[in-house]
Protein chains: 2
Amino acid sequence: MQFSVSLPEWAEKELETMHGQIYETLEDRMKPVIRFSRLNFEHDTGGPFAAGIYERDTGKLLVIGVNRVVPMNMSSAHAEVVTISLAQNMLKTFDLGGKGLPAYQMVVNWRPCAMCYGAVPWSGIRSLVIAGSGNELEELTGFDEGPIHPDWKTELEKRGIDVTENILNEEAIQVFRDFAASDRLVYNGRLGDED
Amino acid sequence: MQFSVSLPEWAEKELETMHGQIYETLEDRMKPVIRFSRLNFEHDTGGPFAAGIYERDTGKLLVIGVNRVVPMNMSSAHAEVVTISLAQNMLKTFDLGGKGLPAYQMVVNWRPCAMCYGAVPWSGIRSLVIAGSGNELEELTGFDEGPIHPDWKTELEKRGIDVTENILNEEAIQVFRDFAASDRLVYNGRLGDED
């Protein structure tokens with residue numbers, strides 16, 4: 001009784017040279033995340049979503065993960081859950097905000113869905129950077145983002161997690177446009193209802 | 001680059017004789033879930049949380065999973081995420097509501113936290129049964145449940161997932177009382193802040 005989640009080969013290979021590199025600005029940090037979101041659907045290794053975990057104050061990259069729902073048969077294998085879990089596995093801790101650790105920042109190519117939003121406060125990260133938070137994702141791709149808390153940003157800030165929006169917004173949206181044009185599977189739940 | 005989550009040995013052993021058995025009433029279905037929530041903290045194999053997935057219309061048990069955050073070093077390894085992922089792995093699908101599948105029901109020993117709540121619509125389950133949804137969990141144990149959507153129940157029902165509350169409420173609360181009295185670790189995120 002177990003389950004496992006792995007990154008696709010292309011991502012492992014890319015990360016070999018990226019891990020430990022410094023990405024100074026928030027744009028520098030978002031750029032490879034958006035690139036991974038595109039590569040992931042182009043390689044048919046998951047949906048158009050990626051998340052990176054960096055040391056907040058230095059920009060040192062720990063890991064970038066991608067959505068793995070369909071290949072892993074796991075509806076919770078969204079980019080943020082995958083990336084947080086990989087980072088915790090690398091550091092051998094369930095809390096990226098534990099004693100003695102640098103502050104970690106998660107950089108995502110859109111606002112997290114309802115589940116991934118809830119995963120943020122448990123992860124121990126202290127900073128969230130997103131490319132956007134508007135309706136574009138749902139409208140362009142057809143993905144349901146779920147019941148997001150109406151005060152999502154304030155609720156994170158209350159818990160000591162700062163939020164920065166609209167980093168490379170247009171670049172992120174272009175990936176959703178291209179995903180939609182590619183006519184790939186939109187893996188919302190309860191697909192059996194669509195008869 | 002991967003992570004794996006497994007059930008504790010005692011749970012695997014228990015499930016050998018339980019898998020495929022029929023649990024007729026909602027109380028019958030909740031009872032083993034509450035038992036697992038207690039056994040999990042008593043065995044020091046995770047927090048006091050468990051979730052079971054049953055066929056909604058027959059009560060046939062697919063699997064019961066438990067919280068594995070601390071032993072697996074994974075903040076997302078809450079009982080619901082673990083159980084949904086195990087069920088999807090057993091059935092080789094990311095969607096428990098896919099074509100040709102019976103309707104599945106998840107039975108949990110309290111209202112899901114913000115993350116697990118968001119995981120419900122992605123899982124494909126069509127019914128959620130909980131022992132309670134009040135402040136007792138947070139007040140008795142100290143676990144933060146996160147920013148739950150104010151209309152959490154309506155939002156699930158809008159998505160075709162029915163919700164039943166207050167099944168064996170007092171039995172579930174007694175486990176939280178006993179967990180609190182045992183003085184075990186409450187693994188909220190950002191524990192480094194508590195200096």
# chains A, B, ... in the order shown; residues from 1 in each chain; ligands from 1
call {"tool": "interface_residues", "arguments": {"of": "chain B", "to": "chain A", "cutoff": "7 Å", "atoms": "only C-alpha atoms", "output": "PyMOL selection string"}}
result
chain B and resi 1-7+12+69-70+73-76+81+85-86+88-89+92-99+114-119+121-124+146-149+155+188-192
call {"tool": "select_by_dssp", "arguments": {"residues": "stretch 4-190 of chain A", "states": "strand (DSSP E or B)", "output": "MDAnalysis selection string"}}
result
chainID A and resid 4:6 22 50:55 60:66 104:108 127:130 162:164
call {"tool": "write_last_selection", "arguments": {"atoms": "N, CA, C and O atoms", "output": "mmCIF file, in the first residue's frame"}}
result
data_model
loop_
_atom_site.group_PDB
_atom_site.id
_atom_site.type_symbol
_atom_site.label_atom_id
_atom_site.label_comp_id
_atom_site.auth_asym_id
_atom_site.auth_seq_id
_atom_site.Cartn_x
_atom_site.Cartn_y
_atom_site.Cartn_z
ATOM 1 N N SER A 4 3.952 6.570 -5.313
ATOM 2 C CA SER A 4 5.187 7.316 -5.553
ATOM 3 C C SER A 4 4.955 8.310 -6.668
ATOM 4 O O SER A 4 4.160 8.059 -7.568
ATOM 5 N N VAL A 5 5.649 9.411 -6.590
ATOM 6 C CA VAL A 5 5.570 10.432 -7.640
ATOM 7 C C VAL A 5 6.990 10.798 -8.047
ATOM 8 O O VAL A 5 7.841 11.047 -7.192
ATOM 9 N N SER A 6 7.246 10.809 -9.346
ATOM 10 C CA SER A 6 8.573 11.190 -9.826
ATOM 11 C C SER A 6 8.445 12.295 -10.878
ATOM 12 O O SER A 6 7.386 12.484 -11.474
ATOM 13 N N ILE A 22 21.970 30.653 -8.675
ATOM 14 C CA ILE A 22 21.323 31.832 -8.096
ATOM 15 C C ILE A 22 20.438 32.514 -9.143
ATOM 16 O O ILE A 22 20.895 32.796 -10.248
ATOM 17 N N ALA A 50 3.850 24.487 -13.229
ATOM 18 C CA ALA A 50 5.144 24.208 -12.596
ATOM 19 C C ALA A 50 5.287 25.103 -11.380
ATOM 20 O O ALA A 50 4.625 26.145 -11.269
ATOM 21 N N ALA A 51 6.138 24.699 -10.465
ATOM 22 C CA ALA A 51 6.399 25.493 -9.262
ATOM 23 C C ALA A 51 7.862 25.310 -8.892
ATOM 24 O O ALA A 51 8.404 24.204 -9.013
ATOM 25 N N GLY A 52 8.485 26.409 -8.472
ATOM 26 C CA GLY A 52 9.888 26.330 -8.067
ATOM 27 C C GLY A 52 10.028 26.734 -6.615
ATOM 28 O O GLY A 52 9.301 27.613 -6.141
ATOM 29 N N ILE A 53 10.959 26.101 -5.922
ATOM 30 C CA ILE A 53 11.251 26.536 -4.552
ATOM 31 C C ILE A 53 12.686 27.062 -4.507
ATOM 32 O O ILE A 53 13.634 26.379 -4.907
ATOM 33 N N TYR A 54 12.777 28.317 -4.070
ATOM 34 C CA TYR A 54 14.049 29.039 -4.008
ATOM 35 C C TYR A 54 14.285 29.495 -2.564
ATOM 36 O O TYR A 54 13.319 29.707 -1.814
ATOM 37 N N GLU A 55 15.564 29.714 -2.213
ATOM 38 C CA GLU A 55 15.826 30.429 -0.972
ATOM 39 C C GLU A 55 15.405 31.873 -1.208
ATOM 40 O O GLU A 55 15.877 32.515 -2.158
ATOM 41 N N LYS A 60 18.715 31.168 -4.472
ATOM 42 C CA LYS A 60 19.316 29.858 -4.782
ATOM 43 C C LYS A 60 18.202 28.848 -5.032
ATOM 44 O O LYS A 60 17.294 28.697 -4.198
ATOM 45 N N LEU A 61 18.282 28.160 -6.167
ATOM 46 C CA LEU A 61 17.213 27.214 -6.523
ATOM 47 C C LEU A 61 17.367 25.893 -5.788
ATOM 48 O O LEU A 61 18.448 25.282 -5.825
ATOM 49 N N LEU A 62 16.273 25.451 -5.173
ATOM 50 C CA LEU A 62 16.262 24.109 -4.580
ATOM 51 C C LEU A 62 15.720 23.112 -5.602
ATOM 52 O O LEU A 62 16.396 22.148 -5.949
ATOM 53 N N VAL A 63 14.507 23.359 -6.108
ATOM 54 C CA VAL A 63 13.917 22.395 -7.048
ATOM 55 C C VAL A 63 12.754 23.050 -7.814
ATOM 56 O O VAL A 63 12.103 23.974 -7.300
ATOM 57 N N ILE A 64 12.523 22.585 -9.010
ATOM 58 C CA ILE A 64 11.306 22.937 -9.753
ATOM 59 C C ILE A 64 10.564 21.639 -10.052
ATOM 60 O O ILE A 64 11.164 20.680 -10.551
ATOM 61 N N GLY A 65 9.294 21.610 -9.717
ATOM 62 C CA GLY A 65 8.473 20.433 -10.012
ATOM 63 C C GLY A 65 7.348 20.789 -10.959
ATOM 64 O O GLY A 65 7.065 21.974 -11.191
ATOM 65 N N VAL A 66 6.711 19.777 -11.492
ATOM 66 C CA VAL A 66 5.632 19.996 -12.467
ATOM 67 C C VAL A 66 4.418 19.147 -12.116
ATOM 68 O O VAL A 66 4.499 18.203 -11.326
ATOM 69 N N TYR A 104 12.175 29.926 2.673
ATOM 70 C CA TYR A 104 11.935 29.442 1.317
ATOM 71 C C TYR A 104 10.755 30.159 0.674
ATOM 72 O O TYR A 104 9.805 30.559 1.355
ATOM 73 N N GLN A 105 10.879 30.304 -0.631
ATOM 74 C CA GLN A 105 9.884 31.001 -1.446
ATOM 75 C C GLN A 105 9.411 30.045 -2.543
ATOM 76 O O GLN A 105 10.244 29.419 -3.194
ATOM 77 N N MET A 106 8.089 29.981 -2.753
ATOM 78 C CA MET A 106 7.578 29.177 -3.861
ATOM 79 C C MET A 106 7.114 30.098 -4.978
ATOM 80 O O MET A 106 6.383 31.064 -4.740
ATOM 81 N N VAL A 107 7.541 29.796 -6.188
ATOM 82 C CA VAL A 107 7.235 30.596 -7.378
ATOM 83 C C VAL A 107 6.403 29.716 -8.306
ATOM 84 O O VAL A 107 6.833 28.619 -8.666
ATOM 85 N N VAL A 108 5.184 30.183 -8.651
ATOM 86 C CA VAL A 108 4.246 29.345 -9.406
ATOM 87 C C VAL A 108 3.735 30.105 -10.622
ATOM 88 O O VAL A 108 3.566 31.334 -10.576
ATOM 89 N N SER A 127 7.017 32.688 1.539
ATOM 90 C CA SER A 127 6.800 33.664 0.476
ATOM 91 C C SER A 127 6.243 32.938 -0.734
ATOM 92 O O SER A 127 6.693 31.836 -1.073
ATOM 93 N N LEU A 128 5.218 33.562 -1.362
ATOM 94 C CA LEU A 128 4.602 32.974 -2.549
ATOM 95 C C LEU A 128 4.639 34.016 -3.662
ATOM 96 O O LEU A 128 4.207 35.157 -3.459
ATOM 97 N N VAL A 129 5.143 33.634 -4.809
ATOM 98 C CA VAL A 129 5.225 34.533 -5.961
ATOM 99 C C VAL A 129 4.460 33.886 -7.100
ATOM 100 O O VAL A 129 4.710 32.724 -7.433
ATOM 101 N N ILE A 130 3.499 34.621 -7.690
ATOM 102 C CA ILE A 130 2.684 34.039 -8.749
ATOM 103 C C ILE A 130 2.639 34.966 -9.965
ATOM 104 O O ILE A 130 2.782 36.184 -9.841
ATOM 105 N N ASP A 162 4.240 36.037 2.708
ATOM 106 C CA ASP A 162 3.999 37.190 1.833
ATOM 107 C C ASP A 162 3.669 36.718 0.422
ATOM 108 O O ASP A 162 4.097 35.653 -0.015
ATOM 109 N N VAL A 163 2.862 37.525 -0.274
ATOM 110 C CA VAL A 163 2.378 37.153 -1.607
ATOM 111 C C VAL A 163 2.735 38.248 -2.610
ATOM 112 O O VAL A 163 2.464 39.426 -2.365
ATOM 113 N N THR A 164 3.351 37.889 -3.725
ATOM 114 C CA THR A 164 3.635 38.833 -4.804
ATOM 115 C C THR A 164 2.988 38.333 -6.087
ATOM 116 O O THR A 164 3.183 37.181 -6.465
#
call {"tool": "select_by_dssp", "arguments": {"residues": "stretch 21-195 of chain A", "states": "alpha helix (DSSP H)", "output": "mmCIF file with N, CA and C atoms, in the first residue's frame"}}
result
data_model
loop_
_atom_site.group_PDB
_atom_site.id
_atom_site.type_symbol
_atom_site.label_atom_id
_atom_site.label_comp_id
_atom_site.auth_asym_id
_atom_site.auth_seq_id
_atom_site.Cartn_x
_atom_site.Cartn_y
_atom_site.Cartn_z
ATOM 1 N N LEU A 26 12.807 38.396 -9.076
ATOM 2 C CA LEU A 26 11.621 37.533 -9.130
ATOM 3 C C LEU A 26 11.346 37.102 -10.574
ATOM 4 N N GLU A 27 11.653 37.976 -11.508
ATOM 5 C CA GLU A 27 11.491 37.615 -12.923
ATOM 6 C C GLU A 27 12.452 36.476 -13.285
ATOM 7 N N ASP A 28 13.685 36.572 -12.803
ATOM 8 C CA ASP A 28 14.665 35.489 -13.041
ATOM 9 C C ASP A 28 14.149 34.160 -12.498
ATOM 10 N N ARG A 29 13.428 34.242 -11.373
ATOM 11 C CA ARG A 29 12.953 33.010 -10.719
ATOM 12 C C ARG A 29 11.709 32.455 -11.426
ATOM 13 N N MET A 30 10.884 33.369 -11.950
ATOM 14 C CA MET A 30 9.654 32.934 -12.625
ATOM 15 C C MET A 30 9.952 32.329 -14.001
ATOM 16 N N LYS A 31 10.966 32.840 -14.654
ATOM 17 C CA LYS A 31 11.222 32.459 -16.046
ATOM 18 C C LYS A 31 11.379 30.936 -16.223
ATOM 19 N N PRO A 32 12.254 30.282 -15.450
ATOM 20 C CA PRO A 32 12.369 28.822 -15.624
ATOM 21 C C PRO A 32 11.100 28.074 -15.200
ATOM 22 N N VAL A 33 10.335 28.643 -14.301
ATOM 23 C CA VAL A 33 9.076 27.997 -13.881
ATOM 24 C C VAL A 33 8.098 27.998 -15.055
ATOM 25 N N ILE A 34 7.977 29.118 -15.716
ATOM 26 C CA ILE A 34 7.093 29.192 -16.893
ATOM 27 C C ILE A 34 7.612 28.266 -18.008
ATOM 28 N N ARG A 35 8.927 28.214 -18.148
ATOM 29 C CA ARG A 35 9.497 27.313 -19.161
ATOM 30 C C ARG A 35 9.117 25.853 -18.854
ATOM 31 N N PHE A 36 9.224 25.467 -17.588
ATOM 32 C CA PHE A 36 8.846 24.095 -17.200
ATOM 33 C C PHE A 36 7.351 23.850 -17.425
ATOM 34 N N SER A 37 6.507 24.871 -17.181
ATOM 35 C CA SER A 37 5.061 24.689 -17.372
ATOM 36 C C SER A 37 4.765 24.382 -18.841
ATOM 37 N N ARG A 38 5.531 25.006 -19.736
ATOM 38 C CA ARG A 38 5.346 24.765 -21.163
ATOM 39 C C ARG A 38 5.921 23.409 -21.574
ATOM 40 N N LEU A 39 7.144 23.142 -21.135
ATOM 41 C CA LEU A 39 7.781 21.869 -21.506
ATOM 42 C C LEU A 39 6.952 20.681 -21.023
ATOM 43 N N ASN A 40 6.290 20.861 -19.871
ATOM 44 C CA ASN A 40 5.551 19.740 -19.297
ATOM 45 C C ASN A 40 4.396 19.293 -20.189
ATOM 46 N N PHE A 41 3.651 20.248 -20.724
ATOM 47 C CA PHE A 41 2.555 19.782 -21.587
ATOM 48 C C PHE A 41 3.071 19.419 -22.977
ATOM 49 N N GLU A 42 4.102 20.118 -23.437
ATOM 50 C CA GLU A 42 4.647 19.779 -24.762
ATOM 51 C C GLU A 42 5.224 18.358 -24.801
ATOM 52 N N VAL A 69 -0.483 14.799 -12.621
ATOM 53 C CA VAL A 69 -1.774 14.149 -12.347
ATOM 54 C C VAL A 69 -2.022 12.927 -13.237
ATOM 55 N N VAL A 70 -1.987 13.123 -14.536
ATOM 56 C CA VAL A 70 -2.378 12.041 -15.440
ATOM 57 C C VAL A 70 -1.330 10.923 -15.472
ATOM 58 N N PRO A 71 -0.033 11.233 -15.659
ATOM 59 C CA PRO A 71 0.951 10.136 -15.725
ATOM 60 C C PRO A 71 1.070 9.335 -14.426
ATOM 61 N N MET A 72 0.833 9.973 -13.270
ATOM 62 C CA MET A 72 0.986 9.279 -11.981
ATOM 63 C C MET A 72 -0.349 8.743 -11.458
ATOM 64 N N ALA A 79 1.415 20.726 -9.461
ATOM 65 C CA ALA A 79 2.812 21.174 -9.417
ATOM 66 C C ALA A 79 3.251 21.577 -8.009
ATOM 67 N N GLU A 80 2.388 22.309 -7.293
ATOM 68 C CA GLU A 80 2.800 22.812 -5.972
ATOM 69 C C GLU A 80 2.989 21.675 -4.970
ATOM 70 N N VAL A 81 2.056 20.726 -4.952
ATOM 71 C CA VAL A 81 2.163 19.593 -4.012
ATOM 72 C C VAL A 81 3.391 18.747 -4.356
ATOM 73 N N VAL A 82 3.616 18.513 -5.645
ATOM 74 C CA VAL A 82 4.776 17.738 -6.082
ATOM 75 C C VAL A 82 6.069 18.440 -5.649
ATOM 76 N N THR A 83 6.139 19.737 -5.893
ATOM 77 C CA THR A 83 7.377 20.482 -5.628
ATOM 78 C C THR A 83 7.652 20.594 -4.137
ATOM 79 N N ILE A 84 6.616 20.910 -3.368
ATOM 80 C CA ILE A 84 6.782 20.989 -1.908
ATOM 81 C C ILE A 84 7.239 19.628 -1.378
ATOM 82 N N SER A 85 6.636 18.562 -1.855
ATOM 83 C CA SER A 85 6.980 17.219 -1.359
ATOM 84 C C SER A 85 8.405 16.840 -1.751
ATOM 85 N N LEU A 86 8.811 17.172 -2.971
ATOM 86 C CA LEU A 86 10.194 16.891 -3.386
ATOM 87 C C LEU A 86 11.180 17.668 -2.518
ATOM 88 N N ALA A 87 10.870 18.945 -2.271
ATOM 89 C CA ALA A 87 11.765 19.781 -1.458
ATOM 90 C C ALA A 87 11.873 19.217 -0.043
ATOM 91 N N GLN A 88 10.749 18.801 0.525
ATOM 92 C CA GLN A 88 10.761 18.260 1.890
ATOM 93 C C GLN A 88 11.515 16.934 1.935
ATOM 94 N N ASN A 89 11.385 16.166 0.878
ATOM 95 C CA ASN A 89 12.109 14.902 0.791
ATOM 96 C C ASN A 89 13.614 15.136 0.680
ATOM 97 N N MET A 90 14.005 16.155 -0.102
ATOM 98 C CA MET A 90 15.432 16.497 -0.242
ATOM 99 C C MET A 90 16.031 16.947 1.084
ATOM 100 N N LEU A 91 15.257 17.742 1.835
ATOM 101 C CA LEU A 91 15.771 18.315 3.085
ATOM 102 C C LEU A 91 15.425 17.452 4.303
ATOM 103 N N ALA A 114 -7.581 25.607 -5.202
ATOM 104 C CA ALA A 114 -8.057 25.524 -3.813
ATOM 105 C C ALA A 114 -7.214 24.555 -2.974
ATOM 106 N N MET A 115 -6.860 23.415 -3.522
ATOM 107 C CA MET A 115 -6.064 22.434 -2.773
ATOM 108 C C MET A 115 -4.654 22.950 -2.519
ATOM 109 N N CYS A 116 -3.995 23.410 -3.577
ATOM 110 C CA CYS A 116 -2.600 23.835 -3.445
ATOM 111 C C CYS A 116 -2.495 25.081 -2.576
ATOM 112 N N TYR A 117 -3.518 25.915 -2.629
ATOM 113 C CA TYR A 117 -3.595 27.072 -1.739
ATOM 114 C C TYR A 117 -3.546 26.606 -0.286
ATOM 115 N N GLY A 118 -4.338 25.586 0.028
ATOM 116 C CA GLY A 118 -4.356 25.053 1.387
ATOM 117 C C GLY A 118 -3.053 24.353 1.761
ATOM 118 N N ALA A 119 -2.317 23.885 0.751
ATOM 119 C CA ALA A 119 -1.036 23.204 1.029
ATOM 120 C C ALA A 119 0.057 24.190 1.419
ATOM 121 N N VAL A 120 -0.106 25.459 1.016
ATOM 122 C CA VAL A 120 0.934 26.468 1.251
ATOM 123 C C VAL A 120 1.236 26.669 2.747
ATOM 124 N N PRO A 121 0.214 26.934 3.588
ATOM 125 C CA PRO A 121 0.557 27.143 5.002
ATOM 126 C C PRO A 121 1.161 25.917 5.691
ATOM 127 N N TRP A 122 0.877 24.708 5.219
ATOM 128 C CA TRP A 122 1.452 23.501 5.861
ATOM 129 C C TRP A 122 2.888 23.268 5.424
ATOM 130 N N SER A 123 3.288 23.856 4.298
ATOM 131 C CA SER A 123 4.588 23.523 3.717
ATOM 132 C C SER A 123 5.764 24.132 4.463
ATOM 133 N N GLU A 136 -8.083 34.212 -16.237
ATOM 134 C CA GLU A 136 -7.511 33.775 -17.519
ATOM 135 C C GLU A 136 -7.255 32.276 -17.556
ATOM 136 N N LEU A 137 -6.694 31.736 -16.468
ATOM 137 C CA LEU A 137 -6.381 30.301 -16.449
ATOM 138 C C LEU A 137 -7.634 29.473 -16.711
ATOM 139 N N GLU A 138 -8.702 29.728 -15.928
ATOM 140 C CA GLU A 138 -9.916 28.932 -16.088
ATOM 141 C C GLU A 138 -10.560 29.169 -17.449
ATOM 142 N N GLU A 139 -10.568 30.431 -17.877
ATOM 143 C CA GLU A 139 -11.244 30.750 -19.140
ATOM 144 C C GLU A 139 -10.510 30.178 -20.353
ATOM 145 N N LEU A 140 -9.201 30.259 -20.341
ATOM 146 C CA LEU A 140 -8.440 29.796 -21.503
ATOM 147 C C LEU A 140 -8.345 28.281 -21.567
ATOM 148 N N THR A 141 -8.155 27.630 -20.405
ATOM 149 C CA THR A 141 -7.845 26.200 -20.435
ATOM 150 C C THR A 141 -9.029 25.305 -20.105
ATOM 151 N N TRP A 152 -8.166 35.047 0.059
ATOM 152 C CA TRP A 152 -7.035 34.112 -0.013
ATOM 153 C C TRP A 152 -5.697 34.768 0.338
ATOM 154 N N LYS A 153 -5.520 35.998 -0.131
ATOM 155 C CA LYS A 153 -4.220 36.650 0.045
ATOM 156 C C LYS A 153 -4.021 37.071 1.505
ATOM 157 N N THR A 154 -5.044 37.719 2.059
ATOM 158 C CA THR A 154 -4.984 38.151 3.460
ATOM 159 C C THR A 154 -4.771 36.963 4.394
ATOM 160 N N GLU A 155 -5.460 35.860 4.097
ATOM 161 C CA GLU A 155 -5.346 34.679 4.965
ATOM 162 C C GLU A 155 -3.917 34.126 4.973
ATOM 163 N N LEU A 156 -3.230 34.197 3.835
ATOM 164 C CA LEU A 156 -1.828 33.752 3.817
ATOM 165 C C LEU A 156 -0.950 34.739 4.581
ATOM 166 N N GLU A 157 -1.194 36.031 4.363
ATOM 167 C CA GLU A 157 -0.376 37.052 5.015
ATOM 168 C C GLU A 157 -0.536 36.988 6.542
ATOM 169 N N LYS A 158 -1.771 36.686 6.976
ATOM 170 C CA LYS A 158 -2.020 36.495 8.422
ATOM 171 C C LYS A 158 -1.128 35.420 9.007
ATOM 172 N N ASN A 169 3.324 37.998 -16.101
ATOM 173 C CA ASN A 169 1.927 37.641 -16.309
ATOM 174 C C ASN A 169 1.630 37.217 -17.752
ATOM 175 N N GLU A 170 2.057 38.014 -18.691
ATOM 176 C CA GLU A 170 1.711 37.759 -20.103
ATOM 177 C C GLU A 170 2.371 36.464 -20.608
ATOM 178 N N GLU A 171 3.599 36.228 -20.166
ATOM 179 C CA GLU A 171 4.308 34.995 -20.568
ATOM 180 C C GLU A 171 3.574 33.759 -20.049
ATOM 181 N N ALA A 172 3.060 33.847 -18.816
ATOM 182 C CA ALA A 172 2.331 32.706 -18.231
ATOM 183 C C ALA A 172 1.037 32.447 -18.994
ATOM 184 N N ILE A 173 0.335 33.522 -19.329
ATOM 185 C CA ILE A 173 -0.935 33.391 -20.056
ATOM 186 C C ILE A 173 -0.708 32.771 -21.442
ATOM 187 N N GLN A 174 0.403 33.126 -22.060
ATOM 188 C CA GLN A 174 0.680 32.587 -23.393
ATOM 189 C C GLN A 174 0.790 31.052 -23.358
ATOM 190 N N VAL A 175 1.342 30.524 -22.280
ATOM 191 C CA VAL A 175 1.418 29.060 -22.142
ATOM 192 C C VAL A 175 0.011 28.459 -22.080
ATOM 193 N N PHE A 176 -0.901 29.115 -21.361
ATOM 194 C CA PHE A 176 -2.281 28.602 -21.283
ATOM 195 C C PHE A 176 -2.947 28.658 -22.653
ATOM 196 N N ARG A 177 -2.695 29.742 -23.371
ATOM 197 C CA ARG A 177 -3.249 29.844 -24.729
ATOM 198 C C ARG A 177 -2.758 28.690 -25.601
ATOM 199 N N ASP A 178 -1.461 28.439 -25.508
ATOM 200 C CA ASP A 178 -0.874 27.394 -26.354
ATOM 201 C C ASP A 178 -1.348 26.003 -25.920
ATOM 202 N N PHE A 179 -1.528 25.832 -24.613
ATOM 203 C CA PHE A 179 -2.075 24.564 -24.117
ATOM 204 C C PHE A 179 -3.483 24.350 -24.674
ATOM 205 N N ALA A 180 -4.315 25.391 -24.600
ATOM 206 C CA ALA A 180 -5.693 25.293 -25.079
ATOM 207 C C ALA A 180 -5.719 24.959 -26.572
ATOM 208 N N ALA A 181 -4.844 25.600 -27.321
ATOM 209 C CA ALA A 181 -4.804 25.375 -28.773
ATOM 210 C C ALA A 181 -4.340 23.963 -29.104
#
